[in-house]
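Student: To be precise about what I am sending: the file is called query_22.txt and holds compact mmCIF, C-alpha atoms.
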```
# COMPACT_ATOMS: atom_id res chain seq x y z
CA MET A 1 61.45 -19.11 4.34
CA GLY A 2 58.36 -20.79 2.93
CA ARG A 3 58.77 -19.10 -0.46
CA GLU A 4 62.45 -20.06 -0.62
CA LEU A 5 61.61 -23.70 0.06
CA GLN A 6 58.85 -23.68 -2.53
CA LYS A 7 61.28 -22.70 -5.28
CA GLN A 8 63.72 -25.49 -4.56
CA PRO A 9 63.63 -28.90 -6.26
CA GLN A 10 61.73 -31.59 -4.38
CA GLN A 11 64.85 -33.33 -3.05
CA GLU A 12 66.33 -30.11 -1.69
CA MET A 13 62.99 -29.16 -0.19
CA ALA A 14 62.76 -32.52 1.59
CA SER A 15 66.27 -32.03 2.97
CA ALA A 16 65.45 -28.51 4.15
CA VAL A 17 62.29 -29.67 5.91
CA GLU A 18 64.23 -32.50 7.55
CA GLN A 19 66.65 -29.91 8.96
CA LEU A 20 63.75 -27.81 10.26
CA LEU A 21 62.28 -30.84 12.04
CA ALA A 22 65.66 -31.70 13.57
CA VAL A 23 66.35 -28.18 14.88
CA ASN A 24 62.99 -27.19 16.38
CA PRO A 25 59.92 -29.23 15.47
CA TYR A 26 57.73 -27.26 17.91
CA ASN A 27 58.49 -23.84 16.44
CA PRO A 28 55.28 -22.42 14.92
CA ASP A 29 57.39 -20.36 12.50
CA ILE A 30 58.00 -23.51 10.42
CA LEU A 31 54.26 -24.08 9.95
CA PRO A 32 54.09 -22.41 6.48
CA ASP A 33 57.07 -24.46 5.31
CA LEU A 34 55.41 -27.70 6.42
CA GLU A 35 52.18 -26.69 4.66
CA ASN A 36 54.13 -26.01 1.47
CA TYR A 37 55.76 -29.40 1.88
CA VAL A 38 52.37 -31.15 2.06
CA ASN A 39 51.47 -29.58 -1.28
CA GLU A 40 54.86 -30.61 -2.66
CA GLN A 41 54.24 -34.20 -1.53
CA VAL A 42 50.95 -34.10 -3.43
CA SER A 43 52.37 -32.68 -6.66
CA SER A 44 55.53 -34.82 -6.68
CA GLU A 45 53.79 -37.98 -5.40
CA THR A 46 56.22 -38.29 -2.48
CA TYR A 47 55.43 -38.77 1.20
CA SER A 48 56.75 -37.83 4.64
CA LEU A 49 54.78 -39.07 7.63
CA ASP A 50 57.15 -37.38 10.11
CA ALA A 51 56.70 -33.94 8.54
CA ASN A 52 52.93 -34.33 8.35
CA LEU A 53 52.63 -35.46 11.97
CA CYS A 54 54.77 -32.51 13.02
CA LEU A 55 52.42 -30.14 11.16
CA LEU A 56 49.35 -31.68 12.80
CA ARG A 57 50.99 -31.23 16.23
CA LEU A 58 51.69 -27.57 15.46
CA TYR A 59 48.04 -27.12 14.47
CA GLN A 60 47.12 -28.35 17.95
CA PHE A 61 49.13 -25.44 19.41
CA GLU A 62 47.91 -22.96 16.75
CA PRO A 63 44.31 -24.07 15.99
CA GLU A 64 43.39 -20.75 14.39
CA ARG A 65 46.04 -21.34 11.69
CA MET A 66 44.76 -24.79 10.72
CA SER A 67 44.06 -25.32 7.03
CA THR A 68 41.38 -27.99 6.60
CA GLN A 69 42.44 -28.41 2.97
CA ILE A 70 45.98 -29.28 4.09
CA VAL A 71 44.67 -31.64 6.79
CA ALA A 72 42.47 -33.41 4.22
CA ARG A 73 45.47 -33.86 1.92
CA ILE A 74 47.52 -35.29 4.79
CA LEU A 75 44.78 -37.84 5.52
CA VAL A 76 44.44 -38.86 1.87
CA LYS A 77 48.21 -39.39 1.68
CA ALA A 78 47.98 -41.44 4.89
CA LEU A 79 45.26 -43.62 3.36
CA MET A 80 47.57 -44.21 0.40
CA ALA A 81 50.23 -45.54 2.80
CA MET A 82 48.10 -48.48 3.97
CA PRO A 83 48.69 -51.08 5.35
CA ALA A 84 50.89 -48.81 7.50
CA PRO A 85 48.88 -47.33 10.43
CA ASP A 86 49.53 -43.74 9.31
CA PHE A 87 45.85 -42.74 9.00
CA SER A 88 45.12 -43.58 12.65
CA LEU A 89 48.29 -41.81 13.80
CA CYS A 90 47.29 -38.65 11.94
CA LEU A 91 43.64 -38.81 12.99
CA PHE A 92 44.70 -38.96 16.65
CA LEU A 93 46.17 -35.45 16.29
CA ILE A 94 43.10 -33.91 14.64
CA PRO A 95 40.50 -32.29 16.94
CA GLU A 96 37.14 -34.03 17.12
CA ARG A 97 35.32 -30.88 15.99
CA VAL A 98 37.33 -30.96 12.76
CA GLN A 99 36.72 -34.68 12.30
CA MET A 100 32.98 -33.95 12.31
CA GLU A 101 33.23 -31.97 9.05
CA ASP A 102 31.79 -33.83 6.06
CA GLN A 103 35.05 -34.34 4.17
CA PHE A 104 36.72 -35.86 7.22
CA LYS A 105 33.73 -38.06 7.98
CA THR A 106 34.05 -39.34 4.42
CA LEU A 107 37.76 -40.09 4.82
CA ILE A 108 37.13 -41.93 8.10
CA ILE A 109 34.46 -44.04 6.37
CA LEU A 110 36.89 -44.77 3.51
CA SER A 111 39.57 -45.86 5.98
CA HIS A 112 37.09 -48.19 7.71
CA TYR A 113 36.18 -49.84 4.41
CA LEU A 114 39.87 -50.37 3.59
CA GLU A 115 40.71 -51.74 7.03
CA THR A 116 37.85 -54.25 6.79
CA GLY A 117 38.50 -55.20 3.15
CA LYS A 118 35.16 -53.85 1.91
CA PHE A 119 36.57 -52.70 -1.40
CA ARG A 120 33.29 -52.48 -3.32
CA GLN A 121 31.88 -50.10 -0.72
CA PHE A 122 35.17 -48.19 -0.70
CA TRP A 123 35.15 -47.54 -4.45
CA ASP A 124 31.46 -46.59 -4.40
CA GLU A 125 32.06 -44.07 -1.60
CA ALA A 126 35.20 -42.72 -3.29
CA ALA A 127 33.26 -42.21 -6.54
CA LYS A 128 30.75 -40.02 -4.67
CA ASN A 129 33.59 -37.89 -3.29
CA ARG A 130 35.95 -37.50 -6.22
CA HIS A 131 36.68 -33.87 -5.30
CA ILE A 132 38.42 -35.08 -2.13
CA VAL A 133 40.46 -38.03 -3.37
CA GLU A 134 41.24 -36.90 -6.92
CA ALA A 135 42.97 -33.80 -5.55
CA VAL A 136 45.87 -36.13 -4.71
CA PRO A 137 47.56 -37.79 -7.74
CA GLY A 138 48.28 -41.49 -7.46
CA PHE A 139 45.44 -42.19 -5.01
CA GLU A 140 43.69 -44.82 -7.11
CA GLN A 141 46.91 -46.68 -7.90
CA ALA A 142 47.98 -46.69 -4.24
CA ILE A 143 44.66 -48.18 -3.11
CA GLN A 144 44.79 -50.77 -5.89
CA ALA A 145 48.23 -51.79 -4.65
CA TYR A 146 46.84 -52.11 -1.12
CA ALA A 147 43.91 -54.21 -2.38
CA VAL A 148 46.34 -56.54 -4.19
CA HIS A 149 48.37 -56.76 -0.97
CA VAL A 150 45.28 -57.81 1.00
CA LEU A 151 44.27 -60.38 -1.63
CA SER A 152 47.79 -61.84 -1.66
CA LEU A 153 47.58 -62.40 2.10
CA THR A 154 44.18 -64.05 1.80
CA TYR A 155 44.07 -66.12 -1.38
CA GLN A 156 46.12 -68.73 -3.13
CA LYS A 157 43.80 -68.41 -6.13
CA VAL A 158 41.65 -65.34 -6.76
CA PRO A 159 38.57 -65.41 -9.03
CA ARG A 160 38.82 -62.71 -11.70
CA SER A 161 35.54 -61.19 -10.46
CA VAL A 162 36.91 -60.79 -6.91
CA LEU A 163 40.05 -59.06 -8.20
CA ALA A 164 38.00 -56.81 -10.50
CA GLU A 165 35.86 -55.66 -7.58
CA ALA A 166 38.82 -55.11 -5.25
CA ILE A 167 40.81 -52.92 -7.64
CA ASN A 168 37.81 -51.40 -9.47
CA ILE A 169 39.01 -52.40 -12.96
CA GLU A 170 37.22 -54.44 -15.60
CA GLY A 171 37.49 -55.52 -19.23
CA LEU A 172 40.55 -54.63 -21.30
CA SER A 173 42.01 -52.51 -18.49
CA LEU A 174 41.93 -55.56 -16.22
CA ASP A 175 43.55 -57.66 -18.96
CA LYS A 176 46.43 -55.16 -19.16
CA PHE A 177 46.74 -55.10 -15.37
CA LEU A 178 46.94 -58.89 -15.29
CA GLU A 179 49.55 -58.94 -18.06
CA HIS A 180 51.70 -56.60 -16.00
CA GLN A 181 51.32 -58.71 -12.84
CA VAL A 182 52.11 -61.93 -14.70
CA ALA A 183 55.26 -60.35 -16.13
CA ASN A 184 56.43 -58.61 -12.95
CA SER A 185 54.89 -60.25 -9.88
CA GLY A 186 54.94 -63.96 -10.62
CA TRP A 187 51.17 -64.30 -11.06
CA THR A 188 49.83 -67.05 -13.30
CA LEU A 189 46.40 -67.48 -14.86
CA GLU A 190 44.27 -70.58 -15.15
CA LYS A 191 40.70 -71.43 -16.08
CA GLY A 192 38.27 -72.13 -13.27
CA GLY A 193 34.75 -73.54 -13.21
CA LYS A 194 33.12 -70.09 -13.53
CA GLY A 195 35.89 -68.18 -15.26
CA GLN A 196 39.49 -67.13 -14.95
CA LEU A 197 41.48 -67.75 -11.77
CA ILE A 198 44.57 -65.77 -10.78
CA VAL A 199 47.20 -67.84 -8.96
CA ILE A 200 49.08 -65.77 -6.36
CA PRO A 201 52.70 -66.69 -5.56
CA PRO A 202 52.97 -68.49 -2.19
CA ASN A 203 53.76 -66.51 0.95
CA GLU A 204 53.59 -67.21 4.68
CA PHE A 205 50.03 -65.90 4.88
CA ASN A 206 48.30 -67.64 1.97
CA HIS A 207 50.49 -70.72 2.60
CA PRO A 208 50.72 -70.97 6.43
CA GLU A 209 53.25 -73.79 6.22
CA LEU A 210 55.79 -71.18 5.05
CA LYS A 211 55.37 -69.13 8.19
CA LYS A 212 58.58 -68.59 10.14
CA LYS A 213 58.71 -68.62 13.92
CA SER A 214 60.13 -65.11 13.97
CA SER A 215 57.18 -63.70 12.05
CA ASP A 216 55.12 -63.51 15.25
CA SER A 217 57.20 -60.52 16.37
CA ILE A 218 56.21 -56.93 15.59
CA PRO A 219 57.89 -55.69 12.39
CA LEU A 220 60.75 -53.31 13.15
CA ASP A 221 59.47 -50.65 10.76
CA HIS A 222 56.23 -50.40 12.77
CA ILE A 223 58.24 -49.85 15.97
CA THR A 224 60.39 -47.14 14.38
CA ARG A 225 57.25 -45.40 13.10
CA ILE A 226 55.58 -45.35 16.52
CA PHE A 227 58.41 -44.48 18.92
CA PRO A 228 59.28 -41.02 17.50
CA ILE A 229 55.62 -40.02 17.82
CA LEU A 230 55.42 -41.15 21.43
CA GLY A 231 58.56 -39.16 22.13
```
If you took the structure in this file and wrote it as structure tokens, what would it be?

Tutor:
Amino acid sequence: MGRELQKQPQQEMASAVEQLLAVNPYNPDILPDLENYVNEQVSSETYSLDANLCLLRLYQFEPERMSTQIVARILVKALMAMPAPDFSLCLFLIPERVQMEDQFKTLIILSHYLETGKFRQFWDEAAKNRHIVEAVPGFEQAIQAYAVHVLSLTYQKVPRSVLAEAINIEGLSLDKFLEHQVANSGWTLEKGGKGQLIVIPPNEFNHPELKKKSSDSIPLDHITRIFPILG
């Protein structure tokens, strides 16, 4: 069935995998199909946390069939989904002996840097391990989007140098990035004492007075992500 799925367009393949998960997610016979689907997610720049978690659970039952290359790709895709907690959810299902391999140690370090907002260290570490992260298209752009998300929660005005470090872009490339954000995200630019300042649109985090009472509750999408896994 794996070969049949591989020939189908991405949308049909996603639908077929969804049916497999609904019928019998603990059937080891679907393992090759789920592995093919991980590779399809990489090539088509799509993502399915449910399918990837299902595959990692099957690997727990069939450890001799585990592909470390597939597991690494799952973890890179999970990193790209930040700020969602997908990386931790996936890591929980990976045996400790596997986590001790160099490529997984690297990915765990990268996740720590992202979670703690240490973007300079993140990009330095990623540059040393291009063979791991560059195997998944869209990685750099996804992390840049996450960095912008973190900055937007933290700053009302961001110094150009801080933004440059967070997204690992400088010079003309940064100018083009800023032009895009000004046109599409409501950013504005102004001159500061030591250079350019980027003014971030107000939100309930960088402007606490906008915070709503209901925002103290756990977002529904986080609940819906967690409950199926616990089940």

Student: Produce a table with one row for each residue of region 50-71 of chain A that has an atom at most 9 Å from any atom of region 29-44 of chain A, each row naming the nearest atom pair and its distance in Å at one decimal; use only C-alpha atoms; arrange rows by chain and rising residue number; format as CSV.

Tutor:
```
residue,atom,partner,partner_atom,distance
A:Ala51,CA,A:Leu34,CA,6.7
A:Asn52,CA,A:Val38,CA,7.1
A:Cys54,CA,A:Leu34,CA,8.2
A:Leu55,CA,A:Leu34,CA,6.1
A:Leu58,CA,A:Leu31,CA,7.0
A:Tyr59,CA,A:Leu31,CA,8.3
A:Arg65,CA,A:Leu31,CA,8.8
A:Ser67,CA,A:Glu35,CA,8.6
A:Ile70,CA,A:Glu35,CA,6.7
```

Student: CA of Gly195 (chain A) and CA of Val148 (chain A), how far apart in Å?

Tutor: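 Atom-to-atom, CA of Val148 (chain A) to CA of Gly195 (chain A), that is 19.2 Å.
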
Student: Could you check which of A:Gln156, A:Ser15, A:Asn129, A:Gln69 is closest to Leu189 (chain A), using all atoms listed in the file?

Tutor: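 Of all the options, A:Gln156 lies closest to Leu189 (chain A).
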
Student: In Å, rounded to a single decimal, give me how far CA of Ala166 (chain A) is from CA of Glu101 (chain A).

Tutor: 27.8 Å

Student: Name the residues in contact with Cys90 (chain A) at a cut-off of 9 Å, using all atoms listed in the file, excluding same-chain residues fewer than 6 positions from it; report them as a count of residues only.

Tutor: 7

Student: With only C-alpha atoms as the atoms that count, which of A:Ile143, A:Met13, A:Ala127, A:Ile169 lies nearest to Ala81 (chain A)?

Tutor: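 Residue with the minimum atom-to-atom distance to Ala81 (chain A): A:Ile143.
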
Student: Kindly give the distance, in Å, that separates CA of Asn203 (chain A) and CA of Ala164 (chain A), rounded to a single decimal.

Tutor: 21.8 Å

Student: Need to verify the contact set: Leu79 (chain A), 12 Å, only C-alpha atoms, exclusion of same-chain residues closer than 6 positions in sequence. Can you return it as a PyMOL selection string?

Tutor: chain A and resi 47+49+72-73+85-91+107-115+122+133+136+138-146

Student: Suppose we keep C-alpha atoms; can you now write the selection as an mmCIF file, in the frame of the given file?

Tutor:
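Result file part.cif:
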```cif
data_model
loop_
_atom_site.group_PDB
_atom_site.id
_atom_site.type_symbol
_atom_site.label_atom_id
_atom_site.label_comp_id
_atom_site.auth_asym_id
_atom_site.auth_seq_id
_atom_site.Cartn_x
_atom_site.Cartn_y
_atom_site.Cartn_z
ATOM 1 C CA TYR A 47 55.430 -38.770 1.200
ATOM 2 C CA LEU A 49 54.780 -39.070 7.630
ATOM 3 C CA ALA A 72 42.470 -33.410 4.220
ATOM 4 C CA ARG A 73 45.470 -33.860 1.920
ATOM 5 C CA PRO A 85 48.880 -47.330 10.430
ATOM 6 C CA ASP A 86 49.530 -43.740 9.310
ATOM 7 C CA PHE A 87 45.850 -42.740 9.000
ATOM 8 C CA SER A 88 45.120 -43.580 12.650
ATOM 9 C CA LEU A 89 48.290 -41.810 13.800
ATOM 10 C CA CYS A 90 47.290 -38.650 11.940
ATOM 11 C CA LEU A 91 43.640 -38.810 12.990
ATOM 12 C CA LEU A 107 37.760 -40.090 4.820
ATOM 13 C CA ILE A 108 37.130 -41.930 8.100
ATOM 14 C CA ILE A 109 34.460 -44.040 6.370
ATOM 15 C CA LEU A 110 36.890 -44.770 3.510
ATOM 16 C CA SER A 111 39.570 -45.860 5.980
ATOM 17 C CA HIS A 112 37.090 -48.190 7.710
ATOM 18 C CA TYR A 113 36.180 -49.840 4.410
ATOM 19 C CA LEU A 114 39.870 -50.370 3.590
ATOM 20 C CA GLU A 115 40.710 -51.740 7.030
ATOM 21 C CA PHE A 122 35.170 -48.190 -0.700
ATOM 22 C CA VAL A 133 40.460 -38.030 -3.370
ATOM 23 C CA VAL A 136 45.870 -36.130 -4.710
ATOM 24 C CA GLY A 138 48.280 -41.490 -7.460
ATOM 25 C CA PHE A 139 45.440 -42.190 -5.010
ATOM 26 C CA GLU A 140 43.690 -44.820 -7.110
ATOM 27 C CA GLN A 141 46.910 -46.680 -7.900
ATOM 28 C CA ALA A 142 47.980 -46.690 -4.240
ATOM 29 C CA ILE A 143 44.660 -48.180 -3.110
ATOM 30 C CA GLN A 144 44.790 -50.770 -5.890
ATOM 31 C CA ALA A 145 48.230 -51.790 -4.650
ATOM 32 C CA TYR A 146 46.840 -52.110 -1.120
#
```
